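*Asks:* You'll find structure_34.txt just under this line, and it carries compact mmCIF, C-alpha atoms.
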```txt
# COMPACT_ATOMS: atom_id res chain seq x y z
CA MET O 1 127.67 -217.66 109.61
CA GLY O 2 130.30 -219.58 107.67
CA ALA O 3 130.03 -222.93 105.93
CA PRO O 4 131.69 -225.94 107.60
CA GLU O 5 134.90 -227.10 106.00
CA ARG O 6 134.69 -229.86 103.41
CA ARG O 7 136.70 -233.06 103.84
CA PRO O 8 139.82 -232.71 101.65
CA ASP O 9 139.47 -236.25 100.25
CA VAL O 10 135.95 -235.57 98.85
CA ALA O 11 135.48 -233.75 95.55
CA PRO O 12 133.15 -230.72 95.82
CA VAL O 13 130.63 -232.34 93.47
CA ASP O 14 130.41 -235.42 95.74
CA GLU O 15 130.15 -233.53 99.04
CA ARG O 16 127.25 -234.60 101.26
CA LEU O 17 125.73 -231.67 103.13
CA PRO O 18 123.90 -231.79 106.48
CA PRO O 19 120.09 -231.47 106.19
CA GLY O 20 120.13 -227.97 107.65
CA ARG O 21 122.11 -226.75 104.64
CA LEU O 22 120.87 -229.25 102.07
CA LEU O 23 117.15 -228.55 102.27
CA PRO O 24 117.15 -224.75 101.84
CA LEU O 25 119.70 -225.00 99.02
CA ALA O 26 117.54 -227.63 97.30
CA ALA O 27 114.44 -225.47 97.78
CA GLN O 28 116.30 -222.62 96.10
CA HIS O 29 116.82 -224.76 92.99
CA VAL O 30 113.15 -225.78 92.98
CA LEU O 31 111.83 -222.24 93.31
CA ALA O 32 114.18 -220.95 90.63
CA MET O 33 112.97 -223.47 88.04
CA ILE O 34 109.35 -224.05 89.03
CA ALA O 35 107.95 -221.45 86.63
CA ALA O 36 109.07 -223.43 83.57
CA PRO O 37 107.15 -226.68 84.19
CA VAL O 38 104.09 -224.83 85.54
CA SER O 39 103.89 -222.44 82.59
CA THR O 40 104.51 -225.33 80.18
CA VAL O 41 101.57 -227.27 81.62
CA PHE O 42 99.29 -224.24 81.45
CA LEU O 43 100.39 -223.62 77.85
CA ILE O 44 99.69 -227.23 76.81
CA ALA O 45 96.40 -227.31 78.74
CA GLY O 46 95.24 -224.11 77.05
CA GLY O 47 96.32 -225.25 73.59
CA LEU O 48 94.63 -228.65 73.94
CA ARG O 49 91.69 -227.32 76.00
CA LEU O 50 92.24 -229.79 78.80
CA SER O 51 89.81 -229.97 81.73
CA ALA O 52 90.89 -228.87 85.21
CA ASP O 53 91.44 -232.43 86.46
CA ARG O 54 93.47 -233.38 83.36
CA THR O 55 95.50 -230.19 83.77
CA ALA O 56 96.23 -231.11 87.40
CA SER O 57 97.23 -234.62 86.30
CA LEU O 58 99.58 -233.20 83.65
CA LEU O 59 101.12 -230.82 86.21
CA THR O 60 101.70 -233.74 88.55
CA ALA O 61 103.28 -235.79 85.76
CA THR O 62 105.52 -232.91 84.69
CA LEU O 63 106.81 -232.21 88.21
CA VAL O 64 107.39 -235.92 88.84
CA LEU O 65 109.31 -236.18 85.56
CA CYS O 66 111.38 -233.09 86.42
CA GLY O 67 112.18 -234.59 89.81
CA ALA O 68 113.00 -238.02 88.42
CA GLY O 69 115.23 -236.43 85.77
CA ALA O 70 117.09 -234.41 88.40
CA LEU O 71 117.65 -237.55 90.48
CA LEU O 72 118.85 -239.47 87.44
CA GLN O 73 121.28 -236.73 86.37
CA SER O 74 122.55 -236.08 89.90
CA LEU O 75 123.01 -239.67 91.09
CA GLY O 76 123.52 -241.60 87.85
CA VAL O 77 122.36 -245.17 87.29
CA LEU O 78 123.94 -247.63 84.83
CA ARG O 79 125.75 -244.92 82.82
CA THR O 80 122.53 -242.90 82.67
CA GLY O 81 122.97 -239.48 84.24
CA ALA O 82 126.14 -237.39 84.38
CA ARG O 83 126.44 -237.33 88.21
CA LEU O 84 126.48 -233.55 88.06
CA PRO O 85 124.21 -230.98 89.77
CA PHE O 86 121.62 -230.82 86.97
CA MET O 87 117.87 -230.21 86.92
CA MET O 88 115.39 -231.32 84.25
CA LEU O 89 112.75 -229.22 82.49
CA PRO O 90 110.33 -229.50 79.56
CA GLY O 91 112.25 -228.41 76.44
CA GLY O 92 111.31 -224.80 75.65
CA ALA O 93 111.23 -224.89 71.85
CA ALA O 94 110.09 -228.51 71.86
CA VAL O 95 106.92 -227.51 73.73
CA ALA O 96 105.84 -225.31 70.81
CA VAL O 97 106.60 -228.14 68.37
CA PHE O 98 104.66 -230.59 70.57
CA LEU O 99 101.64 -228.28 70.53
CA TRP O 100 101.88 -227.79 66.77
CA ILE O 101 101.92 -231.57 66.19
CA ALA O 102 98.99 -232.04 68.61
CA GLN O 103 96.90 -229.38 66.89
CA GLU O 104 97.74 -230.57 63.37
CA HIS O 105 97.77 -234.35 63.85
CA GLY O 106 96.22 -235.00 67.26
CA ALA O 107 97.55 -235.33 70.79
CA ALA O 108 98.17 -239.08 70.39
CA THR O 109 100.48 -238.35 67.45
CA ALA O 110 102.27 -235.70 69.52
CA SER O 111 102.93 -238.29 72.26
CA GLY O 112 104.13 -240.75 69.65
CA SER O 113 106.48 -238.08 68.27
CA VAL O 114 107.96 -237.56 71.74
CA LEU O 115 108.63 -241.29 72.01
CA LEU O 116 110.22 -241.37 68.54
CA ALA O 117 112.47 -238.41 69.40
CA ALA O 118 113.64 -240.15 72.58
CA ALA O 119 114.29 -243.40 70.71
CA LEU O 120 116.33 -241.58 68.04
CA LEU O 121 118.44 -239.86 70.69
CA LEU O 122 119.19 -243.18 72.35
CA ALA O 123 120.08 -244.71 68.98
CA VAL O 124 122.67 -242.08 68.02
CA LEU O 125 124.46 -241.92 71.40
CA PRO O 126 126.87 -244.79 70.61
CA LEU O 127 128.20 -242.59 67.79
CA TYR O 128 128.83 -239.59 70.03
CA GLY O 129 132.50 -240.45 70.56
CA ARG O 130 133.06 -239.86 66.85
CA LEU O 131 131.06 -236.64 66.92
CA VAL O 132 132.73 -235.04 69.95
CA ARG O 133 135.35 -233.28 67.82
CA LEU O 134 132.51 -231.17 66.42
CA PHE O 135 132.13 -229.42 69.79
CA PRO O 136 135.30 -227.34 70.45
CA PRO O 137 135.26 -224.45 72.97
CA LEU O 138 134.37 -222.06 70.15
CA VAL O 139 131.12 -223.94 69.52
CA MET O 140 130.36 -224.51 73.19
CA GLY O 141 131.04 -220.95 74.32
CA THR O 142 128.86 -219.41 71.61
CA THR O 143 126.07 -221.92 72.22
CA VAL O 144 126.07 -221.27 75.99
CA LEU O 145 126.05 -217.51 75.34
CA VAL O 146 123.00 -217.89 73.10
CA ILE O 147 121.32 -220.11 75.71
CA GLY O 148 121.75 -217.36 78.32
CA ILE O 149 120.50 -214.58 76.06
CA THR O 150 117.57 -216.68 74.81
CA MET O 151 116.47 -217.56 78.32
CA VAL O 152 116.70 -213.91 79.40
CA HIS O 153 114.32 -213.19 76.52
CA VAL O 154 112.00 -215.99 77.70
CA ALA O 155 111.99 -214.80 81.33
CA ALA O 156 111.62 -211.09 80.53
CA PRO O 157 107.85 -211.17 79.79
CA MET O 158 107.22 -212.73 83.23
CA ALA O 159 109.19 -209.91 84.83
CA ILE O 160 107.53 -207.19 82.75
CA GLY O 161 104.11 -208.38 83.89
CA GLY O 162 104.97 -207.12 87.38
CA SER O 163 108.09 -205.04 87.00
CA ARG O 164 108.05 -203.74 90.58
CA LEU O 165 108.11 -207.26 92.02
CA ALA O 166 110.78 -208.36 89.54
CA LEU O 167 113.00 -205.40 90.40
CA VAL O 168 112.60 -206.06 94.15
CA THR O 169 113.57 -209.71 93.58
CA ILE O 170 116.61 -208.77 91.48
CA ALA O 171 117.71 -206.07 93.94
CA ALA O 172 117.30 -208.33 96.97
CA THR O 173 119.21 -211.17 95.27
CA THR O 174 122.02 -208.82 94.27
CA LEU O 175 122.27 -207.20 97.73
CA CYS O 176 122.37 -210.61 99.43
CA PHE O 177 125.13 -211.76 97.11
CA LEU O 178 127.13 -208.57 97.77
CA LEU O 179 126.62 -208.24 101.53
CA LEU O 180 126.15 -211.73 102.92
CA ARG O 181 128.73 -214.42 103.48
CA GLY O 182 128.82 -218.19 103.96
CA VAL O 183 125.53 -220.11 103.94
CA TRP O 184 123.42 -216.95 103.79
CA ARG O 185 125.15 -215.84 100.63
CA GLN O 186 124.48 -219.25 99.11
CA LEU O 187 120.76 -218.65 99.66
CA SER O 188 120.73 -215.31 97.82
CA VAL O 189 118.29 -216.46 95.12
CA LEU O 190 115.92 -218.00 97.68
CA ILE O 191 116.02 -214.84 99.81
CA GLY O 192 115.38 -212.74 96.71
CA ILE O 193 112.31 -214.83 95.83
CA ALA O 194 111.08 -214.55 99.44
CA ALA O 195 111.52 -210.77 99.35
CA GLY O 196 109.62 -210.48 96.09
CA THR O 197 106.81 -212.73 97.35
CA ALA O 198 106.55 -210.77 100.62
CA THR O 199 106.36 -207.52 98.64
CA ALA O 200 103.58 -208.99 96.52
CA ALA O 201 101.62 -209.95 99.65
CA LEU O 202 102.13 -206.55 101.32
CA THR O 203 101.16 -204.54 98.24
CA GLY O 204 98.12 -206.64 97.39
CA SER O 205 99.58 -207.89 94.10
CA PRO O 206 97.60 -210.82 92.66
CA PHE O 207 98.87 -214.36 93.05
CA ARG O 208 98.14 -216.92 90.35
CA SER O 209 94.91 -218.86 90.91
CA VAL O 210 95.37 -222.63 90.73
CA PRO O 211 92.08 -224.56 91.14
CA GLY O 212 91.88 -227.92 92.85
CA GLU O 213 90.75 -229.58 96.08
CA THR O 214 92.37 -233.03 96.11
CA LEU O 215 95.11 -233.92 98.58
CA VAL O 216 97.00 -236.44 96.44
CA SER O 217 97.34 -236.29 92.66
CA LEU O 218 98.81 -239.03 90.48
CA PRO O 219 99.90 -238.80 86.83
CA ARG O 220 97.65 -240.42 84.23
CA LEU O 221 99.21 -243.04 81.94
CA LEU O 222 98.56 -242.43 78.21
CA PRO O 223 96.15 -239.52 78.80
CA TYR O 224 95.58 -239.03 75.06
CA GLY O 225 95.09 -242.71 74.28
CA THR O 226 97.49 -245.09 72.55
CA PRO O 227 100.37 -243.10 70.97
CA HIS O 228 100.26 -242.84 67.19
CA PHE O 229 103.58 -242.97 65.33
CA ASP O 230 103.91 -240.75 62.26
CA LEU O 231 107.51 -240.23 61.12
CA LEU O 232 106.71 -237.17 59.01
CA ALA O 233 104.80 -235.47 61.79
CA ALA O 234 107.55 -236.39 64.27
CA LEU O 235 110.37 -235.02 62.09
CA PRO O 236 110.63 -231.60 63.82
CA LEU O 237 110.94 -233.19 67.27
CA MET O 238 113.43 -235.76 65.98
CA VAL O 239 115.59 -232.99 64.50
CA PHE O 240 115.28 -231.12 67.81
CA ALA O 241 116.51 -234.23 69.65
CA LEU O 242 119.62 -234.38 67.46
CA ALA O 243 120.26 -230.65 67.82
CA SER O 244 119.90 -230.96 71.59
CA LEU O 245 123.15 -232.96 71.65
CA ALA O 246 125.07 -229.73 71.03
CA GLU O 247 123.23 -228.00 73.84
CA ALA O 248 123.80 -230.98 76.14
CA THR O 249 127.51 -230.88 75.30
CA GLY O 250 127.79 -227.21 76.20
CA GLN O 251 125.86 -227.61 79.44
CA THR O 252 127.81 -230.69 80.50
CA VAL O 253 131.21 -229.11 79.84
CA LEU O 254 130.08 -225.93 81.60
CA ASN O 255 128.78 -227.85 84.61
CA CYS O 256 131.98 -229.91 84.85
CA GLU O 257 134.05 -226.74 84.91
CA THR O 258 131.72 -225.13 87.43
CA VAL O 259 132.06 -228.01 89.91
CA GLY O 260 135.80 -228.43 89.33
CA ARG O 261 135.69 -231.70 87.38
CA THR O 262 137.89 -232.09 84.30
CA PRO O 263 135.48 -232.17 81.32
CA ASP O 264 135.35 -235.44 79.38
CA PRO O 265 132.59 -234.97 76.79
CA ALA O 266 132.99 -238.45 75.29
CA ARG O 267 132.24 -239.95 78.71
CA ASP O 268 129.83 -237.45 80.29
CA VAL O 269 127.68 -236.11 77.44
CA PRO O 270 126.19 -239.50 76.45
CA ARG O 271 125.25 -239.99 80.11
CA THR O 272 123.57 -236.57 80.18
CA ALA O 273 121.73 -237.18 76.90
CA ARG O 274 120.76 -240.73 77.91
CA ALA O 275 119.03 -239.38 81.03
CA ASP O 276 117.27 -236.81 78.82
CA ALA O 277 116.08 -239.60 76.52
CA VAL O 278 114.90 -241.87 79.35
CA THR O 279 112.97 -239.03 81.00
CA THR O 280 111.51 -238.07 77.62
CA LEU O 281 110.27 -241.65 77.18
CA GLY O 282 108.40 -241.20 80.45
CA ALA O 283 107.01 -237.88 79.20
CA GLY O 284 105.69 -239.57 76.05
CA LEU O 285 103.80 -242.09 78.20
CA LEU O 286 102.41 -239.43 80.58
CA GLY O 287 101.34 -236.84 78.01
CA GLY O 288 104.22 -234.40 78.31
CA PRO O 289 106.66 -232.85 75.82
CA VAL O 290 110.36 -233.58 75.30
CA MET O 291 112.36 -233.19 78.53
CA VAL O 292 115.83 -231.64 78.55
CA THR O 293 118.57 -230.97 81.07
CA SER O 294 118.36 -227.41 82.35
CA ALA O 295 121.21 -224.93 82.34
CA GLU O 296 119.61 -222.47 84.74
CA ASN O 297 120.67 -224.28 87.91
CA ILE O 298 124.31 -224.06 86.75
CA GLY O 299 123.93 -220.33 87.34
CA ILE O 300 122.81 -221.03 90.91
CA VAL O 301 125.80 -223.34 91.44
CA ARG O 302 128.12 -220.58 90.21
CA LEU O 303 126.42 -217.93 92.37
CA THR O 304 126.30 -219.99 95.57
CA GLY O 305 129.60 -221.83 95.24
CA VAL O 306 127.89 -225.03 96.47
CA ARG O 307 128.82 -227.69 93.91
CA SER O 308 127.34 -230.82 95.47
CA ARG O 309 125.17 -232.96 93.19
CA PHE O 310 123.23 -234.08 96.26
CA VAL O 311 121.62 -230.63 96.43
CA THR O 312 119.94 -231.15 93.05
CA ALA O 313 119.14 -234.74 94.00
CA ALA O 314 117.29 -233.40 97.05
CA ALA O 315 115.58 -230.87 94.78
CA GLY O 316 114.44 -233.79 92.62
CA VAL O 317 112.89 -235.50 95.64
CA MET O 318 111.13 -232.23 96.54
CA LEU O 319 109.69 -231.96 93.03
CA ILE O 320 108.36 -235.52 93.13
CA LEU O 321 106.75 -234.92 96.53
CA CYS O 322 105.30 -231.62 95.35
CA GLY O 323 103.95 -233.33 92.26
CA VAL O 324 101.98 -235.98 94.16
CA PHE O 325 101.02 -233.69 97.08
CA ALA O 326 98.46 -231.50 95.35
CA PRO O 327 98.37 -228.57 97.87
CA ALA O 328 102.13 -228.11 97.46
CA THR O 329 101.76 -228.11 93.68
CA ARG O 330 99.06 -225.44 93.89
CA LEU O 331 101.19 -223.36 96.29
CA LEU O 332 104.24 -223.45 94.01
CA ALA O 333 102.12 -222.71 90.96
CA ALA O 334 100.61 -219.69 92.72
CA LEU O 335 103.95 -217.84 93.09
CA PRO O 336 103.75 -214.46 91.32
CA PRO O 337 105.25 -214.95 87.84
CA ALA O 338 107.12 -211.64 88.09
CA VAL O 339 108.98 -212.83 91.20
CA VAL O 340 110.11 -216.05 89.54
CA GLY O 341 110.90 -214.08 86.38
CA GLY O 342 113.11 -211.65 88.30
CA ALA O 343 115.12 -214.50 89.85
CA ALA O 344 115.37 -216.19 86.46
CA LEU O 345 116.80 -213.03 84.84
CA VAL O 346 119.71 -213.02 87.30
CA ILE O 347 120.40 -216.73 86.78
CA TYR O 348 120.24 -216.58 82.98
CA ALA O 349 122.48 -213.51 82.86
CA VAL O 350 125.08 -215.49 84.83
CA ILE O 351 124.82 -218.29 82.23
CA ALA O 352 125.44 -215.81 79.40
CA ALA O 353 128.53 -214.60 81.26
CA MET O 354 129.73 -218.22 81.52
CA GLY O 355 129.50 -218.49 77.73
CA LEU O 356 131.71 -215.43 77.40
CA ASP O 357 134.17 -217.01 79.81
CA MET O 358 134.31 -220.15 77.65
CA LEU O 359 134.93 -218.02 74.54
CA ARG O 360 138.05 -216.57 76.19
CA ARG O 361 139.82 -219.83 75.29
CA THR O 362 139.50 -218.97 71.62
CA ASP O 363 141.50 -216.22 69.97
CA LEU O 364 138.72 -214.02 68.59
CA ALA O 365 141.33 -211.98 66.73
CA ASP O 366 141.46 -214.95 64.37
CA PRO O 367 139.18 -214.05 61.39
CA ALA O 368 137.78 -217.59 61.15
CA ALA O 369 136.88 -217.73 64.85
CA SER O 370 135.30 -214.28 64.88
CA THR O 371 133.28 -215.13 61.77
CA VAL O 372 131.94 -218.32 63.35
CA VAL O 373 130.96 -216.43 66.51
CA ALA O 374 129.33 -213.59 64.56
CA LEU O 375 127.25 -215.85 62.30
CA THR O 376 126.30 -218.12 65.20
CA LEU O 377 125.06 -215.16 67.20
CA LEU O 378 123.14 -214.01 64.12
CA ALA O 379 121.47 -217.42 63.76
CA GLY O 380 120.70 -217.56 67.49
CA LEU O 381 119.36 -214.03 67.89
CA LEU O 382 117.36 -213.62 64.68
CA PRO O 383 114.49 -215.79 66.02
CA LEU O 384 114.27 -213.37 68.95
CA LEU O 385 114.67 -210.12 67.04
CA ALA O 386 113.05 -210.88 63.67
CA PRO O 387 111.05 -214.14 63.87
CA GLN O 388 109.01 -213.17 60.80
CA LEU O 389 112.13 -213.74 58.68
CA TYR O 390 111.45 -217.49 58.78
CA ALA O 391 107.76 -217.26 57.83
CA PRO O 392 108.29 -218.49 54.21
CA LEU O 393 110.07 -221.69 55.36
CA PRO O 394 108.32 -225.08 55.64
CA ASP O 395 106.94 -225.91 59.09
CA TRP O 396 109.76 -228.30 60.03
CA ALA O 397 112.46 -225.81 58.98
CA ARG O 398 110.68 -222.96 60.74
CA SER O 399 110.52 -225.06 63.92
CA LEU O 400 114.28 -225.72 63.74
CA PHE O 401 115.70 -222.39 62.58
CA GLY O 402 113.02 -220.38 64.33
CA SER O 403 114.35 -221.54 67.69
CA GLY O 404 117.50 -219.72 68.72
CA VAL O 405 119.45 -222.41 70.59
CA PRO O 406 119.17 -225.28 68.06
CA ALA O 407 119.81 -222.85 65.18
CA ALA O 408 122.88 -221.43 66.91
CA ALA O 409 124.23 -224.85 67.85
CA LEU O 410 123.89 -226.23 64.32
CA THR O 411 125.37 -223.06 62.79
CA ALA O 412 128.35 -223.17 65.13
CA ILE O 413 128.99 -226.86 64.48
CA VAL O 414 128.73 -226.60 60.68
CA LEU O 415 130.79 -223.40 60.36
CA SER O 416 133.46 -224.58 62.80
CA ALA O 417 133.82 -227.84 60.85
CA LEU O 418 133.93 -226.02 57.49
CA PHE O 419 136.55 -223.54 58.65
CA GLY O 420 138.51 -226.41 60.16
CA ARG O 421 138.63 -228.15 56.76
CA LEU O 422 138.68 -225.24 54.32
CA GLY O 423 140.44 -222.54 56.30
CA PRO O 424 142.80 -221.95 59.22
CA ARG O 425 141.78 -223.48 62.50
CA PRO O 426 140.81 -221.05 65.29
CA ALA O 427 143.80 -220.49 67.55
CA VAL O 428 143.67 -221.24 71.26
CA ALA O 429 144.49 -218.37 73.58
CA PRO O 430 147.90 -218.83 75.26
CA GLU O 431 146.49 -218.55 78.79
CA ALA O 432 144.11 -221.49 78.14
CA ARG O 433 146.93 -223.89 77.19
```
In structure tokens, write the structure found in this file.
*Replies:*
Amino acid sequence: MGAPERRPDVAPVDERLPPGRLLPLAAQHVLAMIAAPVSTVFLIAGGLRLSADRTASLLTATLVLCGAGALLQSLGVLRTGARLPFMMLPGGAAVAVFLWIAQEHGAATASGSVLLAAALLLAVLPLYGRLVRLFPPLVMGTTVLVIGITMVHVAAPMAIGGSRLALVTIAATTLCFLLLRGVWRQLSVLIGIAAGTATAALTGSPFRSVPGETLVSLPRLLPYGTPHFDLLAALPLMVFALASLAEATGQTVLNCETVGRTPDPARDVPRTARADAVTTLGAGLLGGPVMVTSAENIGIVRLTGVRSRFVTAAAGVMLILCGVFAPATRLLAALPPAVVGGAALVIYAVIAAMGLDMLRRTDLADPAASTVVALTLLAGLLPLLAPQLYAPLPDWARSLFGSGVPAAALTAIVLSALFGRLGPRPAVAPEAR
């Protein structure tokens, strides 16, 4: 079955798909990312010892925020949102920082820190046009490569917990991508998840237990009480917010190239980051951690070839509905972690390959360029391979440098700028000119 032809006067990113194609493609995005918000909520609930009803409320809030963020990024409102096929997730490293602040200073201070981080991000965005020169392809390619490798590392434990199911999911996704064509090929990830889930049911593998009986669940405003603002306690999250600009730049440029839009970081990145900040403000009011734009769905866009931002907008609507419709939330949360982990491994590996593709625009035979890449990879991978190296550092420094993506992004920016001033500039490959 082939896909219907697109109108030639409509850009791929603006293409409106019929419901028969739109809904399954949107569901594919939801299923591929659902493990992150669910696991984040369970992690926060365990760390703060939340009751079952407060955990359900936080799960509802997180899914609603993810959906609202996806809608904001996909559709764009008042220069907020990049109008690209993006999804929104709780920030991985920021979740650990949020928990640390909550355990050291109280949950109300953690919520206040989230609000301060969002406010700082909004405050620095007018200066982004002056900062954009700090993000050349050398920086972006290395950062995206580290994002892919880091997320493979994050997803691997989920897959290892049920390696048979993960391998079935990976194999089914790969076979679908190789053998199918048209719309069916675009649904390879969804079919892979379905195959893994069916295998789990047939083999008697356990599904995750998610308690609850209510039909409708609504988020709770200020669940930890009035936010408390402590600049010192908030410092790690505020530094994370600044470092996330580099990650947002890489993801926005990568997404533009994936959908066929000419990248314009000075225009698009502030819109991406502004949507992150607005959604994070909502998270601070609803008890959640910092929210960030997700790179994983870019891998799905690359795999499927469907570049419409209305697919992720529909996925955002699905997440909001799932968040308030409690049985759907419990059903999504019950998916075997190994199945979701297997799908995630494929998607994140594709993202790492995209980083390599971006690096092709830089002449790595240039000693300065190769040095920047090598040291950036070192900074990004050390937290994965030898996290104990940062044990002697203060808590705020350990939170920053002990997280691979922010550490890699900052290293790439600083070294690229230093080599640009003190040494020869990295050459651009002839084929990229």
*Asks:* Using only C-alpha atoms for the distances, tell me which of O:Leu187, O:Ala26, O:Leu215, O:Leu75 is nearest to Val13 in chain O.
*Replies:*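 The answer is O:Leu75, which sits nearest to Val13 in chain O.
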*Asks:* What's the separation between CA of Thr226 in chain O and CA of Gly282 in chain O, in Å to one decimal place?
*Replies:*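 Pair CA of Thr226 in chain O / CA of Gly282 in chain O returns 14.0 Å.
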*Asks:* List every protein, DNA or RNA residue that has at least one atom no more than 12 Å from (120.6, -210.6, 82.0) in the file's coordinates, counting only C-alpha atoms, and write the result as number ranges by chain.
*Replies:* O: 145-156, 159, 170, 299, 341-354
*Asks:* Could you list, with a cut-off of 9 Å and counting all atoms listed in the file, the residues of range 106-186 of chain O near range 287-296 of chain O, each shown with its nearest atom pair and the distance in Å rounded to one decimal, rows sorted by chain and ascending number, as CSV?
*Replies:*
```
residue,atom,partner,partner_atom,distance
O:Ala107,CA,O:Gly287,CA,8.3
O:Ala108,CA,O:Gly287,CA,8.6
O:Ala110,CA,O:Pro289,CA,8.2
O:Ser111,CA,O:Gly287,CA,6.1
O:Val114,CA,O:Val290,CA,5.9
O:Leu115,CA,O:Val290,CA,8.6
O:Ala117,CA,O:Val290,CA,7.9
O:Ala118,CA,O:Val290,CA,7.8
O:Val144,CA,O:Ala295,CA,8.8
O:Ile147,CA,O:Ala295,CA,8.2
O:Gly148,CA,O:Glu296,CA,8.5
O:Met151,CA,O:Glu296,CA,8.7
```
*Asks:* Using all atoms listed in the file, find each residue of range 373-421 of chain O with at least one atom at most 10 Å away from an atom of range 244-266 of chain O; report its shortest atom-to-atom pair and that distance in Å (one decimal), sort the rows by chain and rising residue number, and return the result as a tab-separated table.
*Replies:*
```
residue	atom	partner	partner_atom	distance
O:Val405	CA	O:Glu247	CA	7.5
O:Pro406	CA	O:Ser244	CA	6.7
O:Ala408	CA	O:Ala246	CA	9.5
O:Ala409	CA	O:Ala246	CA	5.9
O:Leu410	CA	O:Ala246	CA	7.7
O:Ala412	CA	O:Ala246	CA	9.4
O:Ile413	CA	O:Ala246	CA	8.2
```
*Asks:* To one decimal in Å, tell me the separation between CA of Val340 in chain O and CA of Ala379 in chain O.
*Replies:*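 So the two atoms, CA of Val340 in chain O and CA of Ala379 in chain O, lie 28.2 Å apart.
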*Asks:* So, counting all atoms listed in the file, which residue among O:Pro12, O:Pro24, O:Gly69, O:Pro227 is closest to Leu116 in chain O?
*Replies:*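 Closest to Leu116 in chain O of all the choices is O:Pro227.
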*Asks:* Using CA of Ala391 in chain O and CA of Leu237 in chain O as the two end points, give the distance in Å to one decimal.
*Replies:*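 About the pair CA of Ala391 in chain O and CA of Leu237 in chain O: they are 18.8 Å apart.
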*Asks:* Which residue out of O:Ala313, O:Ile300, O:Met358, O:Met158 has the minimum interatomic distance to Gln73 in chain O when all atoms listed in the file are used?
*Replies:*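 Among the listed residues, O:Ala313 lies closest to Gln73 in chain O.
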*Asks:* Compile the contact shell of Thr329 in chain O as a ChimeraX atom specification: residues with an atom at most 12 Å away, counting only C-alpha atoms, same-chain residues fewer than 2 positions apart removed.
*Replies:* /O:30-31,34-35,37-38,55-64,209-218,318-327,331-335
*Asks:* Could you check which of O:Ser416, O:Val77, O:Val41, O:Ile298 is closest to Thr312 in chain O, using all atoms listed in the file?
*Replies:*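 For Thr312 in chain O, the nearest of the given residues is O:Ile298.
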*Asks:* Between O:Ala241, O:Ala277, O:Ala234, O:Leu415, which residue has the minimum interatomic distance to His105 in chain O, considering all atoms listed in the file?
*Replies:*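 Smallest distance to His105 in chain O is found for O:Ala234.
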*Asks:* Scan for residues within 8 Å of the point (124.8, -225.9, 98.5) in the coordinates of the file, using only C-alpha atoms, and reply as a ChimeraX atom specification.
*Replies:* /O:17,21-22,25-26,183,186,301,304-308,311
*Asks:* Pick from O:Gly162, O:Pro337, O:Thr371, O:Ala45: nearest to Thr203 in chain O, with all atoms listed in the file counted?
*Replies:* O:Gly162
*Asks:* Taking N, CA, C and O atoms as the atom set, what does range 350-357 of chain O look like once completed, written as a compact mmCIF listing (two decimals), keeping the file's coordinate frame?
*Replies:*
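Heads up, here's the output in out05.txt:
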```txt
# COMPACT_ATOMS: atom_id res chain seq x y z
N VAL O 350 123.85 -214.82 84.39
CA VAL O 350 125.08 -215.49 84.83
C VAL O 350 125.49 -216.55 83.80
O VAL O 350 126.68 -216.71 83.48
N ILE O 351 124.51 -217.28 83.24
CA ILE O 351 124.82 -218.29 82.23
C ILE O 351 125.43 -217.65 80.99
O ILE O 351 126.40 -218.15 80.41
N ALA O 352 124.87 -216.51 80.55
CA ALA O 352 125.44 -215.81 79.40
C ALA O 352 126.89 -215.41 79.67
O ALA O 352 127.76 -215.54 78.80
N ALA O 353 127.16 -214.96 80.90
CA ALA O 353 128.53 -214.60 81.26
C ALA O 353 129.45 -215.81 81.23
O ALA O 353 130.63 -215.71 80.87
N MET O 354 128.92 -216.99 81.59
CA MET O 354 129.73 -218.22 81.52
C MET O 354 130.10 -218.54 80.07
O MET O 354 131.21 -219.02 79.80
N GLY O 355 129.18 -218.28 79.14
CA GLY O 355 129.50 -218.49 77.73
C GLY O 355 130.64 -217.59 77.29
O GLY O 355 131.54 -218.02 76.56
N LEU O 356 130.62 -216.35 77.73
CA LEU O 356 131.71 -215.43 77.40
C LEU O 356 133.03 -215.93 77.98
O LEU O 356 134.09 -215.82 77.34
N ASP O 357 132.95 -216.50 79.19
CA ASP O 357 134.17 -217.01 79.81
C ASP O 357 134.73 -218.19 79.01
O ASP O 357 135.95 -218.32 78.84
```
